[in-house]
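**Q** This is structure.txt, which holds compact mmCIF, N, CA, C and O atoms:
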```
# COMPACT_ATOMS: atom_id res chain seq x y z
N MET Z 1365 118.43 176.97 129.70
CA MET Z 1365 117.43 176.00 129.33
C MET Z 1365 116.42 175.87 130.46
O MET Z 1365 116.72 176.17 131.60
N ARG Z 1366 115.24 175.41 130.09
CA ARG Z 1366 114.21 175.18 131.12
C ARG Z 1366 113.48 173.89 130.79
O ARG Z 1366 113.52 173.40 129.65
N LEU Z 1367 112.84 173.34 131.80
CA LEU Z 1367 112.06 172.11 131.65
C LEU Z 1367 110.58 172.46 131.66
O LEU Z 1367 110.15 173.36 132.39
N LYS Z 1368 109.82 171.74 130.86
CA LYS Z 1368 108.37 171.96 130.81
C LYS Z 1368 107.69 170.60 130.80
O LYS Z 1368 108.11 169.69 130.10
N THR Z 1369 106.63 170.48 131.59
CA THR Z 1369 105.82 169.27 131.61
C THR Z 1369 104.64 169.46 130.67
O THR Z 1369 103.99 170.51 130.70
N ILE Z 1370 104.39 168.46 129.82
CA ILE Z 1370 103.28 168.54 128.89
C ILE Z 1370 102.45 167.27 128.95
O ILE Z 1370 102.95 166.21 129.34
N GLU Z 1371 101.19 167.40 128.60
CA GLU Z 1371 100.29 166.25 128.42
C GLU Z 1371 99.71 166.37 127.02
O GLU Z 1371 99.26 167.43 126.61
N LEU Z 1372 99.75 165.26 126.28
CA LEU Z 1372 99.26 165.25 124.91
C LEU Z 1372 98.28 164.11 124.71
O LEU Z 1372 98.45 163.03 125.28
N ASN Z 1373 97.28 164.34 123.89
CA ASN Z 1373 96.39 163.30 123.41
C ASN Z 1373 96.68 163.13 121.93
O ASN Z 1373 96.47 164.07 121.15
N ILE Z 1374 97.20 161.98 121.57
CA ILE Z 1374 97.66 161.74 120.20
C ILE Z 1374 96.91 160.53 119.65
O ILE Z 1374 96.90 159.46 120.27
N ASP Z 1375 96.32 160.71 118.48
CA ASP Z 1375 95.69 159.58 117.80
C ASP Z 1375 96.78 158.68 117.23
O ASP Z 1375 97.77 159.15 116.69
N TRP Z 1376 96.60 157.38 117.39
CA TRP Z 1376 97.54 156.38 116.88
C TRP Z 1376 96.99 155.90 115.54
O TRP Z 1376 96.08 155.07 115.49
N PRO Z 1377 97.53 156.41 114.43
CA PRO Z 1377 97.02 156.00 113.11
C PRO Z 1377 97.24 154.51 112.87
O PRO Z 1377 98.21 153.92 113.32
N ASP Z 1378 96.32 153.92 112.11
CA ASP Z 1378 96.40 152.49 111.81
C ASP Z 1378 97.68 152.12 111.07
O ASP Z 1378 98.19 151.01 111.22
N GLU Z 1379 98.20 153.04 110.25
CA GLU Z 1379 99.39 152.72 109.46
C GLU Z 1379 100.68 152.72 110.28
O GLU Z 1379 101.72 152.26 109.82
N ILE Z 1380 100.64 153.21 111.52
CA ILE Z 1380 101.81 153.18 112.40
C ILE Z 1380 101.80 151.87 113.17
O ILE Z 1380 100.91 151.61 113.98
N THR Z 1381 102.79 151.02 112.90
CA THR Z 1381 102.87 149.73 113.59
C THR Z 1381 103.38 149.93 115.01
O THR Z 1381 103.94 150.98 115.35
N LEU Z 1382 103.23 148.91 115.82
CA LEU Z 1382 103.74 148.95 117.18
C LEU Z 1382 105.24 149.21 117.19
O LEU Z 1382 105.75 149.95 118.03
N PHE Z 1383 105.95 148.64 116.22
CA PHE Z 1383 107.40 148.79 116.16
C PHE Z 1383 107.82 150.20 115.74
O PHE Z 1383 108.92 150.63 116.05
N SER Z 1384 106.94 150.93 115.06
CA SER Z 1384 107.22 152.30 114.63
C SER Z 1384 106.66 153.34 115.60
O SER Z 1384 106.92 154.53 115.45
N LEU Z 1385 105.90 152.90 116.57
CA LEU Z 1385 105.19 153.82 117.46
C LEU Z 1385 106.13 154.73 118.24
O LEU Z 1385 105.89 155.93 118.36
N ARG Z 1386 107.21 154.19 118.77
CA ARG Z 1386 108.14 154.99 119.57
C ARG Z 1386 108.65 156.19 118.79
O ARG Z 1386 108.60 157.33 119.27
N ASN Z 1387 109.15 155.96 117.57
CA ASN Z 1387 109.67 157.06 116.76
C ASN Z 1387 108.57 158.07 116.41
O ASN Z 1387 108.81 159.28 116.39
N TYR Z 1388 107.37 157.57 116.14
CA TYR Z 1388 106.24 158.44 115.83
C TYR Z 1388 105.93 159.36 117.03
O TYR Z 1388 105.76 160.57 116.86
N LEU Z 1389 105.88 158.79 118.22
CA LEU Z 1389 105.56 159.58 119.41
C LEU Z 1389 106.64 160.59 119.74
O LEU Z 1389 106.35 161.74 120.10
N ILE Z 1390 107.89 160.18 119.62
CA ILE Z 1390 108.98 161.12 119.88
C ILE Z 1390 108.90 162.29 118.90
O ILE Z 1390 109.11 163.45 119.28
N GLY Z 1391 108.59 162.02 117.65
CA GLY Z 1391 108.41 163.09 116.67
C GLY Z 1391 107.31 164.06 117.06
O GLY Z 1391 107.42 165.27 116.86
N GLN Z 1392 106.22 163.54 117.62
CA GLN Z 1392 105.13 164.39 118.07
C GLN Z 1392 105.55 165.24 119.27
O GLN Z 1392 105.22 166.42 119.35
N ILE Z 1393 106.29 164.65 120.20
CA ILE Z 1393 106.73 165.37 121.40
C ILE Z 1393 107.74 166.45 121.03
O ILE Z 1393 107.74 167.54 121.61
N GLU Z 1394 108.58 166.20 120.04
CA GLU Z 1394 109.63 167.16 119.66
C GLU Z 1394 109.07 168.48 119.15
O GLU Z 1394 109.79 169.46 119.08
N GLN Z 1395 107.80 168.53 118.83
CA GLN Z 1395 107.17 169.80 118.45
C GLN Z 1395 107.13 170.78 119.62
O GLN Z 1395 106.97 171.99 119.42
N TYR Z 1396 107.30 170.28 120.84
CA TYR Z 1396 107.21 171.10 122.04
C TYR Z 1396 108.56 171.32 122.71
O TYR Z 1396 108.68 172.12 123.62
N GLY Z 1397 109.58 170.58 122.32
CA GLY Z 1397 110.91 170.67 122.91
C GLY Z 1397 111.60 169.32 122.80
O GLY Z 1397 111.04 168.36 122.28
N GLN Z 1398 112.83 169.26 123.29
CA GLN Z 1398 113.59 168.01 123.26
C GLN Z 1398 113.10 167.09 124.38
O GLN Z 1398 113.17 167.45 125.55
N PRO Z 1399 112.59 165.90 124.04
CA PRO Z 1399 112.07 165.00 125.08
C PRO Z 1399 113.17 164.56 126.06
O PRO Z 1399 114.24 164.14 125.64
N LEU Z 1400 112.89 164.70 127.33
CA LEU Z 1400 113.79 164.22 128.37
C LEU Z 1400 113.27 162.89 128.92
O LEU Z 1400 113.99 161.90 128.97
N ARG Z 1401 111.99 162.87 129.29
CA ARG Z 1401 111.31 161.65 129.74
C ARG Z 1401 109.88 161.72 129.25
O ARG Z 1401 109.30 162.79 129.17
N TRP Z 1402 109.34 160.56 128.95
CA TRP Z 1402 107.94 160.52 128.52
C TRP Z 1402 107.37 159.15 128.82
O TRP Z 1402 108.09 158.19 128.99
N ALA Z 1403 106.02 159.11 128.88
CA ALA Z 1403 105.33 157.85 129.16
C ALA Z 1403 103.94 157.90 128.55
O ALA Z 1403 103.30 158.95 128.50
N ILE Z 1404 103.47 156.74 128.11
CA ILE Z 1404 102.08 156.57 127.72
C ILE Z 1404 101.32 156.27 129.01
O ILE Z 1404 101.62 155.30 129.69
N THR Z 1405 100.35 157.11 129.33
CA THR Z 1405 99.63 156.93 130.59
C THR Z 1405 98.21 156.41 130.41
O THR Z 1405 97.56 156.03 131.38
N GLU Z 1406 97.72 156.42 129.15
CA GLU Z 1406 96.37 155.91 128.91
C GLU Z 1406 96.21 155.58 127.43
O GLU Z 1406 96.79 156.25 126.58
N ILE Z 1407 95.44 154.55 127.15
CA ILE Z 1407 95.09 154.18 125.78
C ILE Z 1407 93.57 154.08 125.71
O ILE Z 1407 92.96 153.34 126.48
N GLN Z 1408 92.96 154.86 124.80
CA GLN Z 1408 91.51 154.84 124.64
C GLN Z 1408 91.16 154.29 123.26
O GLN Z 1408 91.64 154.83 122.25
N PRO Z 1409 90.36 153.25 123.17
CA PRO Z 1409 89.88 152.81 121.86
C PRO Z 1409 88.88 153.84 121.32
O PRO Z 1409 88.02 154.32 122.05
N LEU Z 1410 89.02 154.20 120.04
CA LEU Z 1410 88.11 155.16 119.43
C LEU Z 1410 87.05 154.49 118.57
O LEU Z 1410 85.90 154.89 118.57
N ASN Z 1411 87.46 153.47 117.83
CA ASN Z 1411 86.54 152.79 116.92
C ASN Z 1411 86.91 151.32 116.88
O ASN Z 1411 88.00 150.96 116.43
N MET Z 1412 86.01 150.47 117.33
CA MET Z 1412 86.32 149.04 117.40
C MET Z 1412 86.45 148.41 116.01
O MET Z 1412 87.19 147.44 115.84
N LYS Z 1413 85.76 148.95 115.02
CA LYS Z 1413 85.84 148.38 113.67
C LYS Z 1413 87.20 148.64 113.03
O LYS Z 1413 87.76 147.77 112.37
N THR Z 1414 87.72 149.85 113.21
CA THR Z 1414 89.01 150.19 112.59
C THR Z 1414 90.18 150.01 113.55
O THR Z 1414 91.33 150.18 113.15
N HIS Z 1415 89.89 149.70 114.78
CA HIS Z 1415 90.92 149.52 115.82
C HIS Z 1415 91.71 150.81 116.05
O HIS Z 1415 92.86 150.76 116.48
N SER Z 1416 91.13 151.97 115.79
CA SER Z 1416 91.83 153.23 116.04
C SER Z 1416 91.87 153.50 117.54
O SER Z 1416 90.97 153.11 118.29
N ARG Z 1417 92.94 154.18 117.95
CA ARG Z 1417 93.17 154.43 119.37
C ARG Z 1417 93.68 155.85 119.58
O ARG Z 1417 94.27 156.44 118.69
N ARG Z 1418 93.50 156.34 120.78
CA ARG Z 1418 94.07 157.63 121.19
C ARG Z 1418 94.94 157.35 122.41
O ARG Z 1418 94.53 156.67 123.35
N LEU Z 1419 96.15 157.91 122.38
CA LEU Z 1419 97.10 157.73 123.48
C LEU Z 1419 97.21 159.02 124.27
O LEU Z 1419 97.26 160.11 123.68
N LYS Z 1420 97.28 158.89 125.57
CA LYS Z 1420 97.57 160.04 126.41
C LYS Z 1420 99.04 159.92 126.81
O LYS Z 1420 99.46 158.88 127.33
N LEU Z 1421 99.80 160.97 126.54
CA LEU Z 1421 101.23 161.00 126.88
C LEU Z 1421 101.49 162.07 127.91
O LEU Z 1421 100.88 163.14 127.87
N GLU Z 1422 102.39 161.79 128.81
CA GLU Z 1422 102.92 162.79 129.73
C GLU Z 1422 104.42 162.84 129.47
O GLU Z 1422 105.07 161.79 129.35
N ALA Z 1423 104.94 164.05 129.33
CA ALA Z 1423 106.35 164.19 128.97
C ALA Z 1423 106.97 165.40 129.66
O ALA Z 1423 106.28 166.36 130.00
N VAL Z 1424 108.28 165.32 129.84
CA VAL Z 1424 109.08 166.46 130.26
C VAL Z 1424 110.00 166.77 129.09
O VAL Z 1424 110.69 165.88 128.58
N VAL Z 1425 109.95 168.02 128.63
CA VAL Z 1425 110.78 168.43 127.51
C VAL Z 1425 111.74 169.53 127.94
O VAL Z 1425 111.46 170.29 128.87
N VAL Z 1426 112.88 169.59 127.26
CA VAL Z 1426 113.88 170.63 127.49
C VAL Z 1426 113.66 171.71 126.45
O VAL Z 1426 113.59 171.42 125.24
N ILE Z 1427 113.55 172.94 126.92
CA ILE Z 1427 113.36 174.08 126.01
C ILE Z 1427 114.57 174.98 126.16
O ILE Z 1427 114.84 175.50 127.26
N PRO Z 1428 115.35 175.18 125.09
CA PRO Z 1428 116.50 176.07 125.17
C PRO Z 1428 116.05 177.51 125.37
O PRO Z 1428 115.00 177.93 124.88
N THR Z 1429 116.84 178.28 126.10
CA THR Z 1429 116.57 179.70 126.28
C THR Z 1429 117.69 180.49 125.63
O THR Z 1429 118.76 179.95 125.33
N LEU Z 1430 117.45 181.77 125.43
CA LEU Z 1430 118.44 182.61 124.75
C LEU Z 1430 119.67 182.87 125.60
O LEU Z 1430 120.77 182.97 125.09
N ASP Z 1431 119.49 183.02 126.92
CA ASP Z 1431 120.67 183.19 127.77
C ASP Z 1431 121.36 181.85 127.96
O ASP Z 1431 120.82 180.80 127.68
N ASN Z 1432 122.56 181.84 128.44
CA ASN Z 1432 123.37 180.62 128.53
C ASN Z 1432 123.16 179.88 129.84
O ASN Z 1432 124.11 179.56 130.53
N ASP Z 1433 121.91 179.59 130.19
CA ASP Z 1433 121.62 178.82 131.43
C ASP Z 1433 121.93 177.38 131.22
O ASP Z 1433 121.62 176.74 130.31
```
Translate this structure into structure tokens?
**A**
Amino acid sequence: MRLKTIELNIDWPDEITLFSLRNYLIGQIEQYGQPLRWAITEIQPLNMKTHSRRLKLEAVVVIPTLDND
């Protein structure tokens, strides 16, 4: 296995509540590997009328390898 550091910019849809946000973000990170640690490092408002936002995430993911490391 190996570790990889990633940075993602993810739009926070209006239909995702604050209470559902954690599961939503983990699902987005899992596209790159198994999340080991992650953090929201920035929140940018996109549209004040709709309250849409973009989140910047930094994460460390575990990526399995074919050999038995």
**Q** Taking only C-alpha atoms into account, which of Z:Gln1398, Z:Asn1373, Z:Gln1408, Z:Asn1387 comes nearest Lys1420 of chain Z?
**A**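 Between Z:Gln1398, Z:Asn1373, Z:Gln1408, Z:Asn1387, the residue approaching Lys1420 of chain Z most closely is Z:Asn1373.
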**Q** Excluding same-chain residues fewer than 3 positions from Ile1370 of chain Z, what lies within 6 Å of it counting all atoms listed in the file, as a short mmCIF file (atom, residue, chain, number, x, y, z; two decimals) with N, CA, C and O atoms, in the coordinates of the input?
**A**
```cif
data_model
loop_
_atom_site.label_atom_id
_atom_site.label_comp_id
_atom_site.auth_asym_id
_atom_site.auth_seq_id
_atom_site.Cartn_x
_atom_site.Cartn_y
_atom_site.Cartn_z
N LEU Z 1421 99.80 160.97 126.54
CA LEU Z 1421 101.23 161.00 126.88
C LEU Z 1421 101.49 162.07 127.91
O LEU Z 1421 100.88 163.14 127.87
N GLU Z 1422 102.39 161.79 128.81
CA GLU Z 1422 102.92 162.79 129.73
C GLU Z 1422 104.42 162.84 129.47
O GLU Z 1422 105.07 161.79 129.35
N ALA Z 1423 104.94 164.05 129.33
CA ALA Z 1423 106.35 164.19 128.97
C ALA Z 1423 106.97 165.40 129.66
O ALA Z 1423 106.28 166.36 130.00
N VAL Z 1424 108.28 165.32 129.84
CA VAL Z 1424 109.08 166.46 130.26
C VAL Z 1424 110.00 166.77 129.09
O VAL Z 1424 110.69 165.88 128.58
N VAL Z 1425 109.95 168.02 128.63
CA VAL Z 1425 110.78 168.43 127.51
C VAL Z 1425 111.74 169.53 127.94
O VAL Z 1425 111.46 170.29 128.87
#
```
**Q** Would you mind listing what lies within 5 Å of Ile1427 of chain Z as a PyMOL selection string, with only N, CA, C and O atoms counted and same-chain residues fewer than 2 positions away left out?
**A** chain Z and resi 1365-1367+1425+1429
**Q** Expressed in Å to a single decimal, how great is the separation between atom N of Lys1413 of chain Z and atom N of Glu1371 of chain Z?
**A** 27.6 Å
**Q** Kindly indicate which residue among Z:Leu1372, Z:Leu1410, Z:Ile1393, Z:Ala1403 lies nearest to Val1426 of chain Z, using only C-alpha atoms for the distances.
**A**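 Nearest candidate to Val1426 of chain Z out of Z:Leu1372, Z:Leu1410, Z:Ile1393, Z:Ala1403: Z:Ile1393.
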**Q** Could you tell me how far atom CA of Trp1376 of chain Z lies from atom CA of Ser1416 of chain Z, in Å and to one decimal?
**A**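 Answer for the atom CA of Trp1376 of chain Z to atom CA of Ser1416 of chain Z separation: 6.6 Å.
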**Q** If you measure from atom C of Leu1430 of chain Z to atom N of Leu1389 of chain Z, what distance in Å do you get, rounded to one decimal?
**A**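 According to the coordinates, atom C of Leu1430 of chain Z and atom N of Leu1389 of chain Z are separated by 28.7 Å.
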**Q** In chain Z, what's alpha helix (DSSP H) per DSSP? Answer as a PyMOL selection string?
**A** chain Z and resi 1382-1393
**Q** When distances are computed from all atoms listed in the file, which of Z:Leu1382, Z:Leu1419, Z:Pro1377, Z:Pro1428 shows the smallest separation from Gly1397 of chain Z?
**A**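 Of the candidates, the smallest distance to Gly1397 of chain Z is held by Z:Pro1428.
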**Q** What are the DSSP strand (DSSP E or B) residues of chain Z, as a ChimeraX atom specification?
**A** /Z:1366-1376,1398-1411,1416-1427
**Q** Print the selection's residues with N, CA, C and O atoms to a file, as a short mmCIF file (atom, residue, chain, number, x, y, z; two decimals), in the frame of the given file.
**A**
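again_15.cif was written with the following content:
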```
data_model
loop_
_atom_site.label_atom_id
_atom_site.label_comp_id
_atom_site.auth_asym_id
_atom_site.auth_seq_id
_atom_site.Cartn_x
_atom_site.Cartn_y
_atom_site.Cartn_z
N ARG Z 1366 115.24 175.41 130.09
CA ARG Z 1366 114.21 175.18 131.12
C ARG Z 1366 113.48 173.89 130.79
O ARG Z 1366 113.52 173.40 129.65
N LEU Z 1367 112.84 173.34 131.80
CA LEU Z 1367 112.06 172.11 131.65
C LEU Z 1367 110.58 172.46 131.66
O LEU Z 1367 110.15 173.36 132.39
N LYS Z 1368 109.82 171.74 130.86
CA LYS Z 1368 108.37 171.96 130.81
C LYS Z 1368 107.69 170.60 130.80
O LYS Z 1368 108.11 169.69 130.10
N THR Z 1369 106.63 170.48 131.59
CA THR Z 1369 105.82 169.27 131.61
C THR Z 1369 104.64 169.46 130.67
O THR Z 1369 103.99 170.51 130.70
N ILE Z 1370 104.39 168.46 129.82
CA ILE Z 1370 103.28 168.54 128.89
C ILE Z 1370 102.45 167.27 128.95
O ILE Z 1370 102.95 166.21 129.34
N GLU Z 1371 101.19 167.40 128.60
CA GLU Z 1371 100.29 166.25 128.42
C GLU Z 1371 99.71 166.37 127.02
O GLU Z 1371 99.26 167.43 126.61
N LEU Z 1372 99.75 165.26 126.28
CA LEU Z 1372 99.26 165.25 124.91
C LEU Z 1372 98.28 164.11 124.71
O LEU Z 1372 98.45 163.03 125.28
N ASN Z 1373 97.28 164.34 123.89
CA ASN Z 1373 96.39 163.30 123.41
C ASN Z 1373 96.68 163.13 121.93
O ASN Z 1373 96.47 164.07 121.15
N ILE Z 1374 97.20 161.98 121.57
CA ILE Z 1374 97.66 161.74 120.20
C ILE Z 1374 96.91 160.53 119.65
O ILE Z 1374 96.90 159.46 120.27
N ASP Z 1375 96.32 160.71 118.48
CA ASP Z 1375 95.69 159.58 117.80
C ASP Z 1375 96.78 158.68 117.23
O ASP Z 1375 97.77 159.15 116.69
N TRP Z 1376 96.60 157.38 117.39
CA TRP Z 1376 97.54 156.38 116.88
C TRP Z 1376 96.99 155.90 115.54
O TRP Z 1376 96.08 155.07 115.49
N GLN Z 1398 112.83 169.26 123.29
CA GLN Z 1398 113.59 168.01 123.26
C GLN Z 1398 113.10 167.09 124.38
O GLN Z 1398 113.17 167.45 125.55
N PRO Z 1399 112.59 165.90 124.04
CA PRO Z 1399 112.07 165.00 125.08
C PRO Z 1399 113.17 164.56 126.06
O PRO Z 1399 114.24 164.14 125.64
N LEU Z 1400 112.89 164.70 127.33
CA LEU Z 1400 113.79 164.22 128.37
C LEU Z 1400 113.27 162.89 128.92
O LEU Z 1400 113.99 161.90 128.97
N ARG Z 1401 111.99 162.87 129.29
CA ARG Z 1401 111.31 161.65 129.74
C ARG Z 1401 109.88 161.72 129.25
O ARG Z 1401 109.30 162.79 129.17
N TRP Z 1402 109.34 160.56 128.95
CA TRP Z 1402 107.94 160.52 128.52
C TRP Z 1402 107.37 159.15 128.82
O TRP Z 1402 108.09 158.19 128.99
N ALA Z 1403 106.02 159.11 128.88
CA ALA Z 1403 105.33 157.85 129.16
C ALA Z 1403 103.94 157.90 128.55
O ALA Z 1403 103.30 158.95 128.50
N ILE Z 1404 103.47 156.74 128.11
CA ILE Z 1404 102.08 156.57 127.72
C ILE Z 1404 101.32 156.27 129.01
O ILE Z 1404 101.62 155.30 129.69
N THR Z 1405 100.35 157.11 129.33
CA THR Z 1405 99.63 156.93 130.59
C THR Z 1405 98.21 156.41 130.41
O THR Z 1405 97.56 156.03 131.38
N GLU Z 1406 97.72 156.42 129.15
CA GLU Z 1406 96.37 155.91 128.91
C GLU Z 1406 96.21 155.58 127.43
O GLU Z 1406 96.79 156.25 126.58
N ILE Z 1407 95.44 154.55 127.15
CA ILE Z 1407 95.09 154.18 125.78
C ILE Z 1407 93.57 154.08 125.71
O ILE Z 1407 92.96 153.34 126.48
N GLN Z 1408 92.96 154.86 124.80
CA GLN Z 1408 91.51 154.84 124.64
C GLN Z 1408 91.16 154.29 123.26
O GLN Z 1408 91.64 154.83 122.25
N PRO Z 1409 90.36 153.25 123.17
CA PRO Z 1409 89.88 152.81 121.86
C PRO Z 1409 88.88 153.84 121.32
O PRO Z 1409 88.02 154.32 122.05
N LEU Z 1410 89.02 154.20 120.04
CA LEU Z 1410 88.11 155.16 119.43
C LEU Z 1410 87.05 154.49 118.57
O LEU Z 1410 85.90 154.89 118.57
N ASN Z 1411 87.46 153.47 117.83
CA ASN Z 1411 86.54 152.79 116.92
C ASN Z 1411 86.91 151.32 116.88
O ASN Z 1411 88.00 150.96 116.43
N SER Z 1416 91.13 151.97 115.79
CA SER Z 1416 91.83 153.23 116.04
C SER Z 1416 91.87 153.50 117.54
O SER Z 1416 90.97 153.11 118.29
N ARG Z 1417 92.94 154.18 117.95
CA ARG Z 1417 93.17 154.43 119.37
C ARG Z 1417 93.68 155.85 119.58
O ARG Z 1417 94.27 156.44 118.69
N ARG Z 1418 93.50 156.34 120.78
CA ARG Z 1418 94.07 157.63 121.19
C ARG Z 1418 94.94 157.35 122.41
O ARG Z 1418 94.53 156.67 123.35
N LEU Z 1419 96.15 157.91 122.38
CA LEU Z 1419 97.10 157.73 123.48
C LEU Z 1419 97.21 159.02 124.27
O LEU Z 1419 97.26 160.11 123.68
N LYS Z 1420 97.28 158.89 125.57
CA LYS Z 1420 97.57 160.04 126.41
C LYS Z 1420 99.04 159.92 126.81
O LYS Z 1420 99.46 158.88 127.33
N LEU Z 1421 99.80 160.97 126.54
CA LEU Z 1421 101.23 161.00 126.88
C LEU Z 1421 101.49 162.07 127.91
O LEU Z 1421 100.88 163.14 127.87
N GLU Z 1422 102.39 161.79 128.81
CA GLU Z 1422 102.92 162.79 129.73
C GLU Z 1422 104.42 162.84 129.47
O GLU Z 1422 105.07 161.79 129.35
N ALA Z 1423 104.94 164.05 129.33
CA ALA Z 1423 106.35 164.19 128.97
C ALA Z 1423 106.97 165.40 129.66
O ALA Z 1423 106.28 166.36 130.00
N VAL Z 1424 108.28 165.32 129.84
CA VAL Z 1424 109.08 166.46 130.26
C VAL Z 1424 110.00 166.77 129.09
O VAL Z 1424 110.69 165.88 128.58
N VAL Z 1425 109.95 168.02 128.63
CA VAL Z 1425 110.78 168.43 127.51
C VAL Z 1425 111.74 169.53 127.94
O VAL Z 1425 111.46 170.29 128.87
N VAL Z 1426 112.88 169.59 127.26
CA VAL Z 1426 113.88 170.63 127.49
C VAL Z 1426 113.66 171.71 126.45
O VAL Z 1426 113.59 171.42 125.24
N ILE Z 1427 113.55 172.94 126.92
CA ILE Z 1427 113.36 174.08 126.01
C ILE Z 1427 114.57 174.98 126.16
O ILE Z 1427 114.84 175.50 127.26
#
```
**Q** Compare Z:Gly1391, Z:Thr1405, Z:Arg1386, Z:Tyr1396 by their minimum atom-to-atom distance to Thr1369 of chain Z, counting only C-alpha atoms, and give me the closest one.
**A**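 Once distances to Thr1369 of chain Z are computed over only C-alpha atoms, the minimum belongs to Z:Tyr1396.
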**Q** Is it possible to add all heavy atoms to segment 1392-1398 of chain Z and hand it back as a JSON list (two decimals), in the frame of the given file?
**A**
```json
[["chain", "number", "residue", "atom", "x", "y", "z"],
["Z", 1392, "GLN", "N", 106.22, 163.54, 117.62],
["Z", 1392, "GLN", "CA", 105.13, 164.39, 118.07],
["Z", 1392, "GLN", "C", 105.55, 165.24, 119.27],
["Z", 1392, "GLN", "O", 105.22, 166.42, 119.35],
["Z", 1392, "GLN", "CB", 103.91, 163.53, 118.44],
["Z", 1392, "GLN", "CG", 103.33, 162.73, 117.30],
["Z", 1392, "GLN", "CD", 102.77, 163.62, 116.21],
["Z", 1392, "GLN", "OE1", 102.00, 164.53, 116.48],
["Z", 1392, "GLN", "NE2", 103.17, 163.36, 114.98],
["Z", 1393, "ILE", "N", 106.29, 164.65, 120.20],
["Z", 1393, "ILE", "CA", 106.73, 165.37, 121.40],
["Z", 1393, "ILE", "C", 107.74, 166.45, 121.03],
["Z", 1393, "ILE", "O", 107.74, 167.54, 121.61],
["Z", 1393, "ILE", "CB", 107.33, 164.39, 122.43],
["Z", 1393, "ILE", "CG1", 106.26, 163.42, 122.92],
["Z", 1393, "ILE", "CG2", 107.94, 165.15, 123.60],
["Z", 1393, "ILE", "CD1", 106.81, 162.24, 123.71],
["Z", 1394, "GLU", "N", 108.58, 166.20, 120.04],
["Z", 1394, "GLU", "CA", 109.63, 167.16, 119.66],
["Z", 1394, "GLU", "C", 109.07, 168.48, 119.15],
["Z", 1394, "GLU", "O", 109.79, 169.46, 119.08],
["Z", 1394, "GLU", "CB", 110.56, 166.54, 118.62],
["Z", 1394, "GLU", "CG", 111.51, 165.54, 119.23],
["Z", 1394, "GLU", "CD", 112.42, 164.86, 118.22],
["Z", 1394, "GLU", "OE1", 112.06, 164.81, 117.01],
["Z", 1394, "GLU", "OE2", 113.48, 164.39, 118.63],
["Z", 1395, "GLN", "N", 107.80, 168.53, 118.83],
["Z", 1395, "GLN", "CA", 107.17, 169.80, 118.45],
["Z", 1395, "GLN", "C", 107.13, 170.78, 119.62],
["Z", 1395, "GLN", "O", 106.97, 171.99, 119.42],
["Z", 1395, "GLN", "CB", 105.75, 169.55, 117.94],
["Z", 1395, "GLN", "CG", 105.70, 168.70, 116.69],
["Z", 1395, "GLN", "CD", 104.29, 168.40, 116.27],
["Z", 1395, "GLN", "OE1", 103.37, 169.20, 116.48],
["Z", 1395, "GLN", "NE2", 104.10, 167.24, 115.67],
["Z", 1396, "TYR", "N", 107.30, 170.28, 120.84],
["Z", 1396, "TYR", "CA", 107.21, 171.10, 122.04],
["Z", 1396, "TYR", "C", 108.56, 171.32, 122.71],
["Z", 1396, "TYR", "O", 108.68, 172.12, 123.62],
["Z", 1396, "TYR", "CB", 106.24, 170.45, 123.05],
["Z", 1396, "TYR", "CG", 104.87, 170.30, 122.48],
["Z", 1396, "TYR", "CD1", 104.51, 169.13, 121.80],
["Z", 1396, "TYR", "CD2", 103.94, 171.32, 122.58],
["Z", 1396, "TYR", "CE1", 103.24, 169.00, 121.24],
["Z", 1396, "TYR", "CE2", 102.67, 171.19, 122.02],
["Z", 1396, "TYR", "CZ", 102.34, 170.03, 121.35],
["Z", 1396, "TYR", "OH", 101.09, 169.90, 120.80],
["Z", 1397, "GLY", "N", 109.58, 170.58, 122.32],
["Z", 1397, "GLY", "CA", 110.91, 170.67, 122.91],
["Z", 1397, "GLY", "C", 111.60, 169.32, 122.80],
["Z", 1397, "GLY", "O", 111.04, 168.36, 122.28],
["Z", 1398, "GLN", "N", 112.83, 169.26, 123.29],
["Z", 1398, "GLN", "CA", 113.59, 168.01, 123.26],
["Z", 1398, "GLN", "C", 113.10, 167.09, 124.38],
["Z", 1398, "GLN", "O", 113.17, 167.45, 125.55],
["Z", 1398, "GLN", "CB", 115.08, 168.32, 123.43],
["Z", 1398, "GLN", "CG", 115.98, 167.11, 123.40],
["Z", 1398, "GLN", "CD", 115.94, 166.40, 122.06],
["Z", 1398, "GLN", "OE1", 115.85, 167.01, 121.02],
["Z", 1398, "GLN", "NE2", 116.02, 165.08, 122.08]]
```
